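**Q** The following file, query-v6.cif, comprises mmCIF, C-alpha atoms:
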data_input
loop_
_atom_site.label_atom_id
_atom_site.label_comp_id
_atom_site.auth_asym_id
_atom_site.auth_seq_id
_atom_site.Cartn_x
_atom_site.Cartn_y
_atom_site.Cartn_z
CA MET A 1 -15.27 -12.13 -2.33
CA LEU A 2 -11.54 -11.54 -1.82
CA LYS A 3 -11.93 -12.06 1.94
CA ILE A 4 -13.64 -15.38 1.30
CA MET A 5 -10.87 -16.50 -1.07
CA LEU A 6 -8.15 -15.51 1.40
CA LEU A 7 -9.90 -17.20 4.28
CA SER A 8 -10.51 -20.38 2.36
CA ALA A 9 -6.77 -20.60 1.66
CA CYS A 10 -6.10 -20.71 5.41
CA LEU A 11 -6.58 -23.78 7.54
CA LEU A 12 -8.67 -22.69 10.49
CA PRO A 13 -9.40 -24.75 13.60
CA ALA A 14 -12.93 -26.13 13.62
CA GLY A 15 -15.56 -23.61 14.64
CA ILE A 16 -13.43 -20.47 14.30
CA ALA A 17 -14.92 -19.24 11.03
CA ALA A 18 -18.44 -19.92 12.28
CA ALA A 19 -17.85 -17.76 15.36
CA ALA A 20 -17.08 -14.61 13.35
CA PRO A 21 -19.72 -12.42 11.69
CA ALA A 22 -19.87 -12.91 7.92
CA ASP A 23 -18.35 -9.49 7.16
CA GLU A 24 -15.35 -9.81 9.52
CA PRO A 25 -12.28 -12.05 9.47
CA PRO A 26 -12.19 -14.83 12.08
CA SER A 27 -10.44 -14.14 15.38
CA PHE A 28 -9.45 -16.18 18.42
CA PHE A 29 -10.27 -13.16 20.62
CA ALA A 30 -13.38 -11.09 21.14
CA PRO A 31 -13.53 -7.97 18.94
CA LEU A 32 -11.59 -5.01 20.32
CA THR A 33 -13.65 -2.39 22.11
CA ASP A 34 -13.06 1.33 21.77
CA LEU A 35 -10.94 2.76 24.58
CA PRO A 36 -10.67 6.40 25.66
CA GLY A 37 -7.55 8.05 24.24
CA VAL A 38 -6.94 5.21 21.76
CA VAL A 39 -7.57 5.67 18.04
CA SER A 40 -10.56 3.56 17.04
CA TRP A 41 -10.34 0.94 14.31
CA LYS A 42 -13.81 2.14 13.28
CA LEU A 43 -12.21 5.49 12.42
CA LEU A 44 -9.20 3.95 10.63
CA GLY A 45 -11.57 1.60 8.80
CA GLN A 46 -13.34 4.55 7.13
CA ALA A 47 -10.47 4.79 4.62
CA THR A 48 -11.41 3.61 1.15
CA THR A 49 -9.53 2.73 -2.01
CA VAL A 50 -10.04 4.71 -5.22
CA LYS A 51 -8.67 4.46 -8.73
CA ALA A 52 -6.05 7.11 -9.51
CA LYS A 53 -4.06 7.96 -12.64
CA LYS A 54 -3.13 5.06 -14.90
CA GLY A 55 -5.51 2.76 -13.02
CA ARG A 56 -3.45 2.73 -9.82
CA MET A 57 -5.40 2.11 -6.64
CA VAL A 58 -4.70 4.58 -3.80
CA PRO A 59 -6.23 5.26 -0.39
CA LYS A 60 -8.79 7.99 0.21
CA TYR A 61 -9.05 9.28 3.78
CA THR A 62 -11.73 11.12 5.71
CA PRO A 63 -10.73 14.53 7.13
CA GLU A 64 -10.67 12.92 10.62
CA ILE A 65 -8.13 10.33 9.47
CA SER A 66 -6.03 12.92 7.61
CA ALA A 67 -5.89 15.01 10.81
CA LEU A 68 -4.04 12.11 12.52
CA ASP A 69 -1.07 12.37 10.13
CA ASN A 70 2.21 13.04 11.96
CA THR A 71 0.55 13.04 15.38
CA ASP A 72 1.37 11.03 18.48
CA VAL A 73 -1.41 8.46 18.98
CA LYS A 74 -2.24 5.18 20.67
CA VAL A 75 -3.60 2.18 18.75
CA GLN A 76 -4.77 -1.14 20.19
CA GLY A 77 -4.38 -4.34 18.22
CA PHE A 78 -2.82 -7.74 17.67
CA MET A 79 0.79 -8.37 16.67
CA MET A 80 1.54 -9.99 13.35
CA PRO A 81 5.32 -10.57 13.20
CA LEU A 82 7.16 -9.92 9.96
CA GLU A 83 10.23 -11.98 10.89
CA PRO A 84 10.92 -15.02 13.09
CA GLY A 85 11.80 -14.49 16.74
CA GLN A 86 10.26 -13.80 20.13
CA LYS A 87 10.98 -10.06 20.00
CA GLN A 88 10.01 -7.76 17.17
CA LYS A 89 10.98 -4.19 16.28
CA HIS A 90 9.12 -4.19 12.96
CA PHE A 91 5.68 -5.80 12.83
CA LEU A 92 2.07 -5.25 11.88
CA LEU A 93 -0.62 -4.30 14.37
CA THR A 94 -4.00 -5.59 13.21
CA VAL A 95 -7.64 -5.10 14.12
CA THR A 96 -8.20 -8.86 14.59
CA SER A 97 -5.90 -11.69 15.59
CA ALA A 98 -4.22 -13.58 12.79
CA SER A 99 -5.61 -17.04 12.22
CA CYS A 100 -3.03 -18.03 9.62
CA PRO A 101 0.64 -17.00 9.38
CA PHE A 102 0.29 -16.45 5.63
CA CYS A 103 -2.95 -14.41 5.57
CA LEU A 104 -3.50 -10.81 6.61
CA PRO A 105 -6.42 -10.73 9.05
CA ALA A 106 -7.77 -7.49 7.54
CA GLY A 107 -7.49 -5.17 4.57
CA PRO A 108 -5.11 -2.20 4.53
CA GLU A 109 -7.53 -0.14 6.64
CA GLY A 110 -7.20 -2.71 9.45
CA VAL A 111 -3.39 -2.80 9.63
CA VAL A 112 -0.75 -0.42 11.02
CA GLU A 113 2.92 -1.03 10.25
CA ILE A 114 4.86 -0.59 13.51
CA LYS A 115 8.51 0.39 13.83
CA SER A 116 9.29 0.33 17.55
CA ARG A 117 12.09 1.93 19.55
CA THR A 118 12.86 -1.28 21.41
CA PRO A 119 12.02 -4.92 20.70
CA VAL A 120 8.50 -5.98 21.67
CA LYS A 121 7.90 -9.50 22.98
CA PHE A 122 5.47 -11.43 20.80
CA SER A 123 2.02 -11.99 22.26
CA TYR A 124 -1.24 -13.37 20.92
CA ALA A 125 -3.18 -11.02 23.21
CA PRO A 126 -4.06 -7.48 22.12
CA PHE A 127 -1.97 -4.57 23.39
CA ILE A 128 -1.69 -0.80 22.99
CA VAL A 129 1.16 0.87 21.11
CA GLN A 130 1.93 4.60 21.15
CA GLY A 131 3.97 6.47 18.56
CA LYS A 132 3.94 8.88 15.62
CA LEU A 133 1.28 7.88 13.09
CA LYS A 134 1.86 8.51 9.41
CA VAL A 135 -1.18 8.42 7.12
CA LEU A 136 0.32 7.14 3.86
CA ALA A 137 -0.71 8.72 0.56
CA SER A 138 0.75 6.10 -1.77
CA ASP A 139 2.79 3.33 -0.18
CA PRO A 140 4.40 0.86 -2.61
CA MET A 141 3.37 -2.05 -0.36
CA GLY A 142 -0.27 -0.87 -0.23
CA LEU A 143 -0.18 0.13 3.44
CA TYR A 144 -2.41 2.95 4.70
CA TYR A 145 -0.81 3.56 8.13
CA ARG A 146 2.68 3.45 9.66
CA MET A 147 3.70 4.18 13.26
CA THR A 148 7.31 5.08 14.06
CA ASP A 149 9.16 5.59 17.32
CA ALA A 150 6.56 3.28 18.83
CA ALA A 151 6.46 1.78 22.31
CA VAL A 152 4.04 -0.58 24.05
CA VAL A 153 2.06 1.31 26.69
CA ALA A 154 -0.32 -1.46 27.83
CA GLN A 155 -0.34 -5.21 27.44
#
Show the structure stored in the file as structure tokens.

**A**
Amino acid sequence: MLKIMLLSACLLPAGIAAAAPADEPPSFFAPLTDLPGVVSWKLLGQATTVKAKKGRMVPKYTPEISALDNTDVKVQGFMMPLEPGQKQKHFLLTVTSASCPFCLPAGPEGVVEIKSRTPVKFSYAPFIVQGKLKVLASDPMGLYYRMTDAAVVAQ
């Protein structure tokens, strides 16, 4: 229901929403395929949200996801800038392309916060980023994953 409300708040070009399966956000690109040596969004997407003390919602990870904490990994995705400009050092990498500058294209399991070593030129096309992945236990912004010391390895 929340996905539907968020998507209805965005103005999508005609036909985009109809092209996406009902359970996935719309995208201008074909869904990403799993690549050897690249962490799969299917794996990251297995994280769930559970109610903790005092009604707070926190992530719950599978053992496979927890094993990725503090390891050097590659993730493929789409850039969602957090600030204006052609080059970004701090941005979100998402499982699907953004269709609206004000809407996240996925839930927290489909987003990795990226802090790169050097500025990365904005692109609508998917690319692969490598860096140290942190699996977040309780981020104040509701993020599940953060990559630091990141660099683009394929575009």

**Q** Just want the 9 Å neighbourhood of stretch 138-141 of chain A, counted on all atoms listed in the file, with same-chain residues fewer than 4 positions away dropped. Output as a ChimeraX atom specification.

**A** /A:57-59

**Q** Keeping C-alpha atoms for every residue in the selection just given, could you write it to a file as a tab-separated table (two decimals), keeping the file's coordinate frame?

**A**
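Contents of the output file again23.tsv:
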chain	number	residue	atom	x	y	z
A	57	MET	CA	-5.40	2.11	-6.64
A	58	VAL	CA	-4.70	4.58	-3.80
A	59	PRO	CA	-6.23	5.26	-0.39

**Q** Mind checking which residues fall within 8 Å of A:Lys121, counting only C-alpha atoms, ignoring those fewer than 5 positions away in the same chain, and posting them as a VMD selection string?

**A** chain A and resid 86 to 88

**Q** Given only C-alpha atoms as the basis, pick out the residue of A:Ala137, A:Pro81, A:His90, A:Thr33 nearest to A:Tyr124.

**A**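 Ranked by minimum distance to A:Tyr124, first place goes to A:Pro81.
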
**Q** Using all atoms listed in the file, find the one residue out of A:Val95, A:Val39, A:Met147, A:Val75 that sits nearest to A:Val129.

**A** A:Val75

**Q** Closest to A:Ser40 among A:Gln76, A:Thr62, A:Thr71, A:Thr148, using only C-alpha atoms?

**A** A:Gln76

**Q** Name the residues that the PyMOL selection byres ((chain A and resi 48) around 8) pulls out of this structure, and write them as a VMD selection string.

**A** chain A and resid 45 to 47 49 to 50 59 to 61 109

**Q** From the set A:Pro84, A:Val152, A:Lys53, A:Gly77, which residue has the shortest atom-to-atom contact distance to A:Leu35, counting all atoms listed in the file?

**A**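 Residue with the minimum atom-to-atom distance to A:Leu35: A:Gly77.
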
**Q** Here is a test: counting all atoms listed in the file, which residue of A:Phe122, A:Gly107, A:Ser99, A:Ala67 is nearest to A:Glu83?

**A**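 The answer is A:Phe122, which sits nearest to A:Glu83.
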
**Q** To one decimal in Å, tell me the separation between atom CA of A:Lys89 and atom CA of A:Ser116.

**A**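 If I compute the distance from atom CA of A:Lys89 to atom CA of A:Ser116, I get 5.0 Å.
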
**Q** For the file shown, report as a list in words the outcome of the PyMOL selection byres ((chain A and resi 74) around 9) at residue level.

**A**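 Evaluating the PyMOL selection byres ((chain A and resi 74) around 9) on this file yields Gly37, Val38, Val39, Asp72, Val73, Val75, Gln76, Ile128, Val129, Gln130, Gly131, Lys132, Leu133 and Val153 of chain A.
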
**Q** Given the file shown, enumerate the residues that the PyMOL selection byres ((chain A and resi 106) around 9) captures and present them as a VMD selection string.

**A** chain A and resid 3 24 to 25 94 to 96 98 103 to 105 107 to 111

**Q** In Å to one decimal, how far is atom CA of A:Tyr145 from atom CA of A:Asp69?

**A**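 Computed distance, atom CA of A:Asp69 to atom CA of A:Tyr145, equals 9.0 Å.
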
**Q** Would you mind reading off the distance between atom CA of A:Ser97 and atom CA of A:Met79, one decimal, in Å?

**A** 7.5 Å
